[in-house]
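Visitor: Provided below: model_26.cif, containing mmCIF, C-alpha atoms and all ligand atoms.
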data_work
loop_
_atom_site.group_PDB
_atom_site.id
_atom_site.type_symbol
_atom_site.label_atom_id
_atom_site.label_comp_id
_atom_site.auth_asym_id
_atom_site.auth_seq_id
_atom_site.Cartn_x
_atom_site.Cartn_y
_atom_site.Cartn_z
ATOM 1 C CA MET A 11 0.000 0.000 0.000
ATOM 2 C CA LEU A 12 1.180 3.499 -0.799
ATOM 3 C CA ASN A 13 -0.038 5.845 1.905
ATOM 4 C CA LEU A 14 0.829 9.508 1.548
ATOM 5 C CA VAL A 15 0.319 12.445 3.842
ATOM 6 C CA ILE A 16 0.214 15.783 2.101
ATOM 7 C CA PHE A 17 0.951 18.433 4.626
ATOM 8 C CA GLY A 18 1.016 22.200 4.757
ATOM 9 C CA PRO A 19 -0.824 25.317 5.926
ATOM 10 C CA PRO A 20 -4.189 26.381 4.463
ATOM 11 C CA GLY A 21 -3.604 27.530 0.894
ATOM 12 C CA ALA A 22 -0.348 25.599 0.402
ATOM 13 C CA GLY A 23 -1.803 23.662 -2.556
ATOM 14 C CA LYS A 24 -2.585 20.377 -0.792
ATOM 15 C CA GLY A 25 -5.914 19.930 -2.597
ATOM 16 C CA THR A 26 -4.507 20.770 -6.034
ATOM 17 C CA GLN A 27 -1.523 18.445 -5.708
ATOM 18 C CA SER A 28 -3.647 15.684 -4.136
ATOM 19 C CA GLN A 29 -5.914 15.665 -7.169
ATOM 20 C CA LYS A 30 -2.942 15.131 -9.481
ATOM 21 C CA LEU A 31 -1.419 12.463 -7.220
ATOM 22 C CA ILE A 32 -4.676 10.507 -7.098
ATOM 23 C CA ASP A 33 -4.819 10.396 -10.878
ATOM 24 C CA LYS A 34 -1.232 9.224 -11.176
ATOM 25 C CA TYR A 35 -1.129 6.656 -8.378
ATOM 26 C CA GLN A 36 -4.820 5.651 -8.154
ATOM 27 C CA LEU A 37 -5.061 6.430 -4.486
ATOM 28 C CA VAL A 38 -8.181 7.106 -2.458
ATOM 29 C CA HIS A 39 -8.334 10.759 -1.448
ATOM 30 C CA VAL A 40 -9.179 11.359 2.202
ATOM 31 C CA SER A 41 -9.594 15.084 2.787
ATOM 32 C CA THR A 42 -11.018 15.640 6.253
ATOM 33 C CA GLY A 43 -11.948 19.223 5.298
ATOM 34 C CA ASP A 44 -13.956 17.972 2.284
ATOM 35 C CA ILE A 45 -15.677 15.293 4.380
ATOM 36 C CA PHE A 46 -16.638 17.827 7.048
ATOM 37 C CA ARG A 47 -17.983 20.198 4.368
ATOM 38 C CA ALA A 48 -20.087 17.381 2.881
ATOM 39 C CA HIS A 49 -21.536 16.628 6.335
ATOM 40 C CA ILE A 50 -22.352 20.310 6.841
ATOM 41 C CA GLN A 51 -23.987 20.554 3.433
ATOM 42 C CA ASN A 52 -26.062 17.415 4.068
ATOM 43 C CA GLN A 53 -26.949 18.682 7.554
ATOM 44 C CA THR A 54 -25.978 15.410 9.239
ATOM 45 C CA ALA A 55 -25.647 15.208 13.023
ATOM 46 C CA LEU A 56 -21.876 15.431 12.641
ATOM 47 C CA GLY A 57 -22.245 18.395 10.300
ATOM 48 C CA LYS A 58 -24.350 20.248 12.860
ATOM 49 C CA GLN A 59 -21.822 19.433 15.567
ATOM 50 C CA VAL A 60 -18.847 20.881 13.659
ATOM 51 C CA SER A 61 -20.231 23.670 11.480
ATOM 52 C CA GLN A 62 -19.628 26.515 13.925
ATOM 53 C CA ILE A 63 -16.166 25.234 14.880
ATOM 54 C CA ILE A 64 -15.150 25.161 11.223
ATOM 55 C CA ALA A 65 -16.772 28.488 10.373
ATOM 56 C CA ASP A 66 -14.707 30.055 13.170
ATOM 57 C CA GLY A 67 -11.470 28.593 11.808
ATOM 58 C CA ASN A 68 -10.856 26.347 14.830
ATOM 59 C CA LEU A 69 -9.744 22.736 14.703
ATOM 60 C CA VAL A 70 -12.436 20.105 15.225
ATOM 61 C CA PRO A 71 -11.672 18.015 18.375
ATOM 62 C CA ASP A 72 -9.361 15.050 17.780
ATOM 63 C CA SER A 73 -11.855 12.415 18.954
ATOM 64 C CA ILE A 74 -14.415 13.456 16.317
ATOM 65 C CA THR A 75 -11.873 13.838 13.530
ATOM 66 C CA ILE A 76 -10.070 10.557 14.191
ATOM 67 C CA ALA A 77 -13.315 8.553 14.324
ATOM 68 C CA MET A 78 -14.439 10.082 11.021
ATOM 69 C CA LEU A 79 -11.084 9.378 9.368
ATOM 70 C CA GLU A 80 -11.058 5.723 10.433
ATOM 71 C CA GLU A 81 -14.597 5.333 9.139
ATOM 72 C CA GLU A 82 -13.532 6.708 5.759
ATOM 73 C CA VAL A 83 -10.537 4.370 5.457
ATOM 74 C CA LYS A 84 -12.686 1.356 6.403
ATOM 75 C CA LYS A 85 -15.109 2.236 3.609
ATOM 76 C CA ASN A 86 -12.343 1.470 1.081
ATOM 77 C CA PRO A 87 -10.990 -2.013 1.847
ATOM 78 C CA GLU A 88 -9.864 -2.511 -1.770
ATOM 79 C CA ALA A 89 -7.792 0.699 -1.906
ATOM 80 C CA LYS A 90 -4.239 0.518 -3.298
ATOM 81 C CA GLY A 91 -3.391 3.299 -0.901
ATOM 82 C CA PHE A 92 -4.605 6.568 0.543
ATOM 83 C CA ILE A 93 -3.668 10.168 0.338
ATOM 84 C CA PHE A 94 -4.365 11.965 3.574
ATOM 85 C CA ASP A 95 -4.988 15.641 2.914
ATOM 86 C CA GLY A 96 -5.532 17.944 5.893
ATOM 87 C CA PHE A 97 -4.996 15.069 8.334
ATOM 88 C CA PRO A 98 -3.190 14.654 10.713
ATOM 89 C CA ARG A 99 -3.313 18.195 12.070
ATOM 90 C CA THR A 100 -2.207 17.372 15.630
ATOM 91 C CA VAL A 101 0.352 14.974 17.071
ATOM 92 C CA ALA A 102 -2.492 13.023 18.722
ATOM 93 C CA GLN A 103 -4.044 12.537 15.265
ATOM 94 C CA ALA A 104 -0.687 11.406 13.835
ATOM 95 C CA GLU A 105 -0.304 8.849 16.636
ATOM 96 C CA ALA A 106 -3.863 7.616 16.170
ATOM 97 C CA LEU A 107 -3.305 7.241 12.426
ATOM 98 C CA ASP A 108 -0.132 5.191 12.964
ATOM 99 C CA GLU A 109 -1.914 2.955 15.431
ATOM 100 C CA PHE A 110 -4.907 2.514 13.143
ATOM 101 C CA LEU A 111 -2.766 1.701 10.090
ATOM 102 C CA THR A 112 -0.687 -0.786 12.084
ATOM 103 C CA GLY A 113 -3.967 -2.489 12.968
ATOM 104 C CA ILE A 114 -4.694 -3.057 9.281
ATOM 105 C CA ASN A 115 -1.092 -4.156 8.564
ATOM 106 C CA SER A 116 -0.158 -0.929 6.885
ATOM 107 C CA SER A 117 1.730 2.297 7.587
ATOM 108 C CA ILE A 118 2.451 5.788 6.257
ATOM 109 C CA SER A 119 4.904 5.591 3.365
ATOM 110 C CA VAL A 120 5.836 9.217 2.721
ATOM 111 C CA VAL A 121 4.943 12.606 4.186
ATOM 112 C CA ILE A 122 5.317 15.622 1.929
ATOM 113 C CA ALA A 123 5.195 19.090 3.440
ATOM 114 C CA LEU A 124 4.467 21.986 1.092
ATOM 115 C CA ASP A 125 6.313 25.047 2.226
ATOM 116 C CA VAL A 126 4.621 28.414 1.512
ATOM 117 C CA ASN A 127 5.145 31.684 3.363
ATOM 118 C CA GLU A 128 2.328 33.475 5.180
ATOM 119 C CA ASP A 129 1.979 36.421 2.756
ATOM 120 C CA GLU A 130 1.563 34.076 -0.194
ATOM 121 C CA LEU A 131 -1.012 31.997 1.731
ATOM 122 C CA LYS A 132 -3.127 35.078 2.424
ATOM 123 C CA THR A 133 -3.013 36.170 -1.224
ATOM 124 C CA ARG A 134 -3.964 32.705 -2.459
ATOM 125 C CA ILE A 135 -6.849 32.251 -0.037
ATOM 126 C CA ALA A 136 -8.259 35.699 -0.782
ATOM 127 C CA LYS A 137 -8.390 34.625 -4.441
ATOM 128 C CA ARG A 138 -9.853 31.220 -3.552
ATOM 129 C CA GLN A 139 -12.610 32.809 -1.495
ATOM 130 C CA GLU A 140 -13.853 34.760 -4.502
ATOM 131 C CA ILE A 141 -14.506 31.409 -6.196
ATOM 132 C CA SER A 142 -15.348 29.033 -3.329
ATOM 133 C CA GLY A 143 -17.190 31.452 -1.069
ATOM 134 C CA ARG A 144 -15.947 29.367 1.890
ATOM 135 C CA ALA A 145 -16.827 31.230 5.093
ATOM 136 C CA ASP A 146 -13.612 30.081 6.743
ATOM 137 C CA ASP A 147 -11.573 31.617 3.899
ATOM 138 C CA ALA A 148 -12.661 35.113 5.008
ATOM 139 C CA ALA A 149 -9.697 37.189 6.185
ATOM 140 C CA ASP A 150 -10.506 37.176 9.930
ATOM 141 C CA LYS A 151 -11.125 33.393 10.010
ATOM 142 C CA LEU A 152 -8.053 32.762 7.949
ATOM 143 C CA VAL A 153 -5.878 34.399 10.586
ATOM 144 C CA LYS A 154 -7.287 31.883 13.081
ATOM 145 C CA ARG A 155 -6.650 28.941 10.741
ATOM 146 C CA ILE A 156 -3.075 29.980 10.074
ATOM 147 C CA ASP A 157 -2.634 30.433 13.814
ATOM 148 C CA GLU A 158 -3.976 26.891 14.449
ATOM 149 C CA TYR A 159 -1.462 25.648 11.906
ATOM 150 C CA PHE A 160 1.532 27.346 13.481
ATOM 151 C CA THR A 161 0.576 26.495 17.087
ATOM 152 C CA LYS A 162 -0.788 22.933 16.786
ATOM 153 C CA THR A 163 -0.241 21.413 13.380
ATOM 154 C CA ILE A 164 3.408 22.338 12.856
ATOM 155 C CA HIS A 165 4.373 19.877 15.653
ATOM 156 C CA VAL A 166 3.362 17.023 13.390
ATOM 157 C CA LEU A 167 6.469 17.712 11.260
ATOM 158 C CA PRO A 168 9.094 16.636 13.837
ATOM 159 C CA TYR A 169 6.915 13.595 14.598
ATOM 160 C CA TYR A 170 7.358 12.338 11.026
ATOM 161 C CA GLU A 171 10.895 13.662 10.726
ATOM 162 C CA ALA A 172 11.878 11.398 13.635
ATOM 163 C CA GLN A 173 10.454 8.465 11.650
ATOM 164 C CA GLY A 174 12.550 9.460 8.611
ATOM 165 C CA LYS A 175 9.410 9.921 6.491
ATOM 166 C CA LEU A 176 9.344 13.677 5.945
ATOM 167 C CA SER A 177 10.229 15.508 2.717
ATOM 168 C CA LYS A 178 9.824 19.260 2.368
ATOM 169 C CA VAL A 179 9.004 20.826 -0.985
ATOM 170 C CA ASN A 180 8.842 24.489 -1.967
ATOM 171 C CA GLY A 181 5.134 25.058 -2.624
ATOM 172 C CA ILE A 182 5.583 28.286 -4.571
ATOM 173 C CA GLY A 183 5.919 28.063 -8.338
ATOM 174 C CA ASP A 184 4.477 26.243 -11.313
ATOM 175 C CA ILE A 185 1.921 23.564 -10.310
ATOM 176 C CA ASP A 186 3.346 20.958 -12.688
ATOM 177 C CA PHE A 187 6.904 21.670 -11.597
ATOM 178 C CA ILE A 188 5.922 21.150 -7.955
ATOM 179 C CA PHE A 189 4.051 17.974 -8.950
ATOM 180 C CA GLY A 190 7.254 16.724 -10.594
ATOM 181 C CA GLU A 191 9.110 17.233 -7.324
ATOM 182 C CA LEU A 192 6.453 15.273 -5.448
ATOM 183 C CA THR A 193 6.449 12.350 -7.864
ATOM 184 C CA ALA A 194 10.263 12.185 -7.754
ATOM 185 C CA ILE A 195 10.073 11.771 -3.973
ATOM 186 C CA ILE A 196 7.289 9.189 -4.154
ATOM 187 C CA ASP A 197 8.921 7.177 -6.954
ATOM 188 C CA ASN A 198 12.095 7.088 -4.922
ATOM 189 C CA TYR A 199 10.292 5.526 -1.964
HETATM 190 P P1 LIG B 201 -9.338 22.189 5.167
HETATM 191 O O1 LIG B 201 -10.270 22.125 4.017
HETATM 192 O O2 LIG B 201 -8.396 21.017 5.227
HETATM 193 O O3 LIG B 201 -8.613 23.501 5.261
HETATM 194 O O4 LIG B 201 -10.228 22.072 6.490
HETATM 195 C C1 LIG B 201 -11.245 23.015 6.780
HETATM 196 C C2 LIG B 201 -11.546 23.008 8.267
HETATM 197 O O5 LIG B 201 -12.029 21.722 8.667
HETATM 198 C C3 LIG B 201 -10.355 23.289 9.175
HETATM 199 O O6 LIG B 201 -10.088 24.663 9.330
HETATM 200 C C4 LIG B 201 -10.833 22.648 10.475
HETATM 201 O O7 LIG B 201 -11.824 23.446 11.106
HETATM 202 C C5 LIG B 201 -11.549 21.396 9.973
HETATM 203 N N1 LIG B 201 -10.594 20.266 9.845
HETATM 204 C C6 LIG B 201 -10.194 19.659 8.690
HETATM 205 N N2 LIG B 201 -9.325 18.680 8.938
HETATM 206 C C7 LIG B 201 -9.136 18.667 10.285
HETATM 207 C C8 LIG B 201 -8.336 17.903 11.164
HETATM 208 N N3 LIG B 201 -7.521 16.939 10.710
HETATM 209 N N4 LIG B 201 -8.407 18.176 12.500
HETATM 210 C C9 LIG B 201 -9.226 19.133 12.972
HETATM 211 N N5 LIG B 201 -9.994 19.914 12.211
HETATM 212 C C10 LIG B 201 -9.972 19.683 10.873
#
Would you write out, as C-alpha cells, the structure that this file holds?
Ligand code: AMP
Guide:
Amino acid sequence: MLNLVIFGPPGAGKGTQSQKLIDKYQLVHVSTGDIFRAHIQNQTALGKQVSQIIADGNLVPDSITIAMLEEEVKKNPEAKGFIFDGFPRTVAQAEALDEFLTGINSSISVVIALDVNEDELKTRIAKRQEISGRADDAADKLVKRIDEYFTKTIHVLPYYEAQGKLSKVNGIGDIDFIFGELTAIIDNY
C-alpha cells in the first residue's frame, strides 16, 4: 500500500496536488476538510456538531476527527493506498493514524510538506474565497486557521521527521513543476 500524507498550511496547494497524485497513483483521497464540508452541506448530526467550529477557523476536536477518518478508510478495503490531505493536524491525530494503520497491517509511506510563506497563503486564499465562497476563507477566520497551523499542526512535522518519512518541498511556483518534485520523492520511496 502506498499511503501519503500531504501536509502544509491552508492555501499551500494540498488539494490541487492531491488531485494530481490521485490520478497518477490511483489512491483514495481522504480530505477531512472535504468530508466535514459534505456533512455540513447534508446537515448530518456530525455536520451540525462541527459547522460553527469550522466556520470560526478552529480545529475540530481530535476524537471526532479521528473517528471520522477511520470510518472513511474502512469504507475502502480494496484501496491501493490513501492520500491523507488535511490530516493529521495534531500529534495526537498522527499517533492515532499510525496505530490505526498498524492495525490493518499498513503504515504511512511518505509525508510531503508543502512550504509556503504566510503572505503568499493570504493572497492565495483571498483569491480562492472569490470562487469558493468558503466562510472560513474570510480574512478574519483565515488568521485563526493559520494560527492553528503554526501552534498545533506544525508539531506534526518533527513527529514524522523522527520516523525518517518527511520531505519538504517548496510550494511556490508552477503547479506541474511542484508535482514533478512530489512524484520524484514518491517514486524514490
Ligand atoms: P481544510 O479544508 O483542510 O482547510 O479544512 C477546513 C476546516 O475543517 C479546518 O479549518 C478545520 O476546522 C476542519 N478540519 C479539517 N481537517 C481537520 C483535522 N484533521 N483536525 C481538525 N480539524 C480539521
Visitor: Just want the 10 Å neighbourhood of stretch 100-113 of chain A, counted on all atoms listed in the file, with same-chain residues fewer than 5 positions away dropped. Output as an MDAnalysis selection string.
Guide: chainID A and resid 13 69 71:73 75:77 79:80 83 118 158:159 161:170
Visitor: Would you put the residues from that selection into a file with C-alpha atoms, as a PDB file, in the coordinates of the input?
Guide:
ATOM      1  CA  ASN A  13      -0.038   5.845   1.905  1.00  0.00           C
ATOM      2  CA  LEU A  69      -9.744  22.736  14.703  1.00  0.00           C
ATOM      3  CA  PRO A  71     -11.672  18.015  18.375  1.00  0.00           C
ATOM      4  CA  ASP A  72      -9.361  15.050  17.780  1.00  0.00           C
ATOM      5  CA  SER A  73     -11.855  12.415  18.954  1.00  0.00           C
ATOM      6  CA  THR A  75     -11.873  13.838  13.530  1.00  0.00           C
ATOM      7  CA  ILE A  76     -10.070  10.557  14.191  1.00  0.00           C
ATOM      8  CA  ALA A  77     -13.315   8.553  14.324  1.00  0.00           C
ATOM      9  CA  LEU A  79     -11.084   9.378   9.368  1.00  0.00           C
ATOM     10  CA  GLU A  80     -11.058   5.723  10.433  1.00  0.00           C
ATOM     11  CA  VAL A  83     -10.537   4.370   5.457  1.00  0.00           C
ATOM     12  CA  ILE A 118       2.451   5.788   6.257  1.00  0.00           C
ATOM     13  CA  GLU A 158      -3.976  26.891  14.449  1.00  0.00           C
ATOM     14  CA  TYR A 159      -1.462  25.648  11.906  1.00  0.00           C
ATOM     15  CA  THR A 161       0.576  26.495  17.087  1.00  0.00           C
ATOM     16  CA  LYS A 162      -0.788  22.933  16.786  1.00  0.00           C
ATOM     17  CA  THR A 163      -0.241  21.413  13.380  1.00  0.00           C
ATOM     18  CA  ILE A 164       3.408  22.338  12.856  1.00  0.00           C
ATOM     19  CA  HIS A 165       4.373  19.877  15.653  1.00  0.00           C
ATOM     20  CA  VAL A 166       3.362  17.023  13.390  1.00  0.00           C
ATOM     21  CA  LEU A 167       6.469  17.712  11.260  1.00  0.00           C
ATOM     22  CA  PRO A 168       9.094  16.636  13.837  1.00  0.00           C
ATOM     23  CA  TYR A 169       6.915  13.595  14.598  1.00  0.00           C
ATOM     24  CA  TYR A 170       7.358  12.338  11.026  1.00  0.00           C
TER      25      TYR A 170
END
Visitor: Give me, as a tab-separated table, each residue of chain A that comes within 9 Å of ligand LIG 201 (chain B), together with its shortest interatomic pair and the distance in Å at one decimal, counting only C-alpha atoms and all ligand atoms, with rows ordered by chain and rising residue number.
Guide:
residue	atom	partner	partner_atom	distance
A:Pro19	CA	B:LIG201	O3	8.0
A:Pro20	CA	B:LIG201	O3	5.3
A:Gly21	CA	B:LIG201	O3	7.8
A:Lys24	CA	B:LIG201	O2	8.4
A:Gly25	CA	B:LIG201	O1	8.2
A:Ser41	CA	B:LIG201	O2	6.5
A:Thr42	CA	B:LIG201	N2	4.4
A:Gly43	CA	B:LIG201	O4	3.5
A:Asp44	CA	B:LIG201	O1	5.8
A:Ile45	CA	B:LIG201	C6	8.2
A:Phe46	CA	B:LIG201	O5	6.2
A:Arg47	CA	B:LIG201	O5	7.5
A:Val60	CA	B:LIG201	O7	7.9
A:Ser61	CA	B:LIG201	O7	8.4
A:Gln62	CA	B:LIG201	O7	8.8
A:Ile63	CA	B:LIG201	O7	6.0
A:Ile64	CA	B:LIG201	O7	3.7
A:Ala65	CA	B:LIG201	O7	7.1
A:Asp66	CA	B:LIG201	O7	7.5
A:Gly67	CA	B:LIG201	O6	4.8
A:Asn68	CA	B:LIG201	O7	4.8
A:Leu69	CA	B:LIG201	N5	3.8
A:Val70	CA	B:LIG201	N5	3.9
A:Pro71	CA	B:LIG201	C9	6.0
A:Asp72	CA	B:LIG201	N4	6.2
A:Ile74	CA	B:LIG201	C9	8.4
A:Thr75	CA	B:LIG201	N4	5.6
A:Ile76	CA	B:LIG201	N3	7.7
A:Leu79	CA	B:LIG201	N3	8.5
A:Asp95	CA	B:LIG201	O2	6.8
A:Gly96	CA	B:LIG201	O2	4.3
A:Phe97	CA	B:LIG201	N3	3.9
A:Pro98	CA	B:LIG201	N3	4.9
A:Arg99	CA	B:LIG201	N3	4.6
A:Thr100	CA	B:LIG201	N4	7.0
A:Gln103	CA	B:LIG201	N3	7.2
A:Asp146	CA	B:LIG201	O6	7.0
A:Asp147	CA	B:LIG201	O3	8.7
A:Lys151	CA	B:LIG201	O6	8.8
A:Leu152	CA	B:LIG201	O6	8.5
A:Lys154	CA	B:LIG201	O6	8.6
A:Arg155	CA	B:LIG201	O6	5.7
A:Ile156	CA	B:LIG201	O6	8.8
A:Glu158	CA	B:LIG201	O6	8.3
A:Thr163	CA	B:LIG201	N4	8.8
Visitor: Quick one, how far is atom CA of A:Gly23 from atom CA of A:Arg144?
Guide: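 Straight-line distance from atom CA of A:Gly23 to atom CA of A:Arg144 works out to 15.9 Å.
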Visitor: Which residue gives the smallest distance to A:Lys85 among A:Val40, A:Phe189, A:Met11, A:Gln59, with all atoms listed in the file counted?
Guide: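 Of all the options, A:Val40 lies closest to A:Lys85.
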Visitor: Name the residues in contact with A:Ile16 at a cut-off of 8 Å, using all atoms listed in the file, excluding same-chain residues fewer than 3 positions from it; report them as a PyMOL selection string.
Guide: chain A and resi 24+28+93-96+121-124
Visitor: Would you work out the distance separating atom CA of A:Asp33 from atom CA of A:Ile185, expressed in Å to one decimal?
Guide: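 According to the coordinates, atom CA of A:Asp33 and atom CA of A:Ile185 are separated by 14.8 Å.
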Visitor: Could you check the closest approach to A:Asn198 for each of A:Asn86, A:Thr133, A:Gln27, A:Ser119 and tell me which residue wins, using only C-alpha atoms?
Guide: A:Ser119
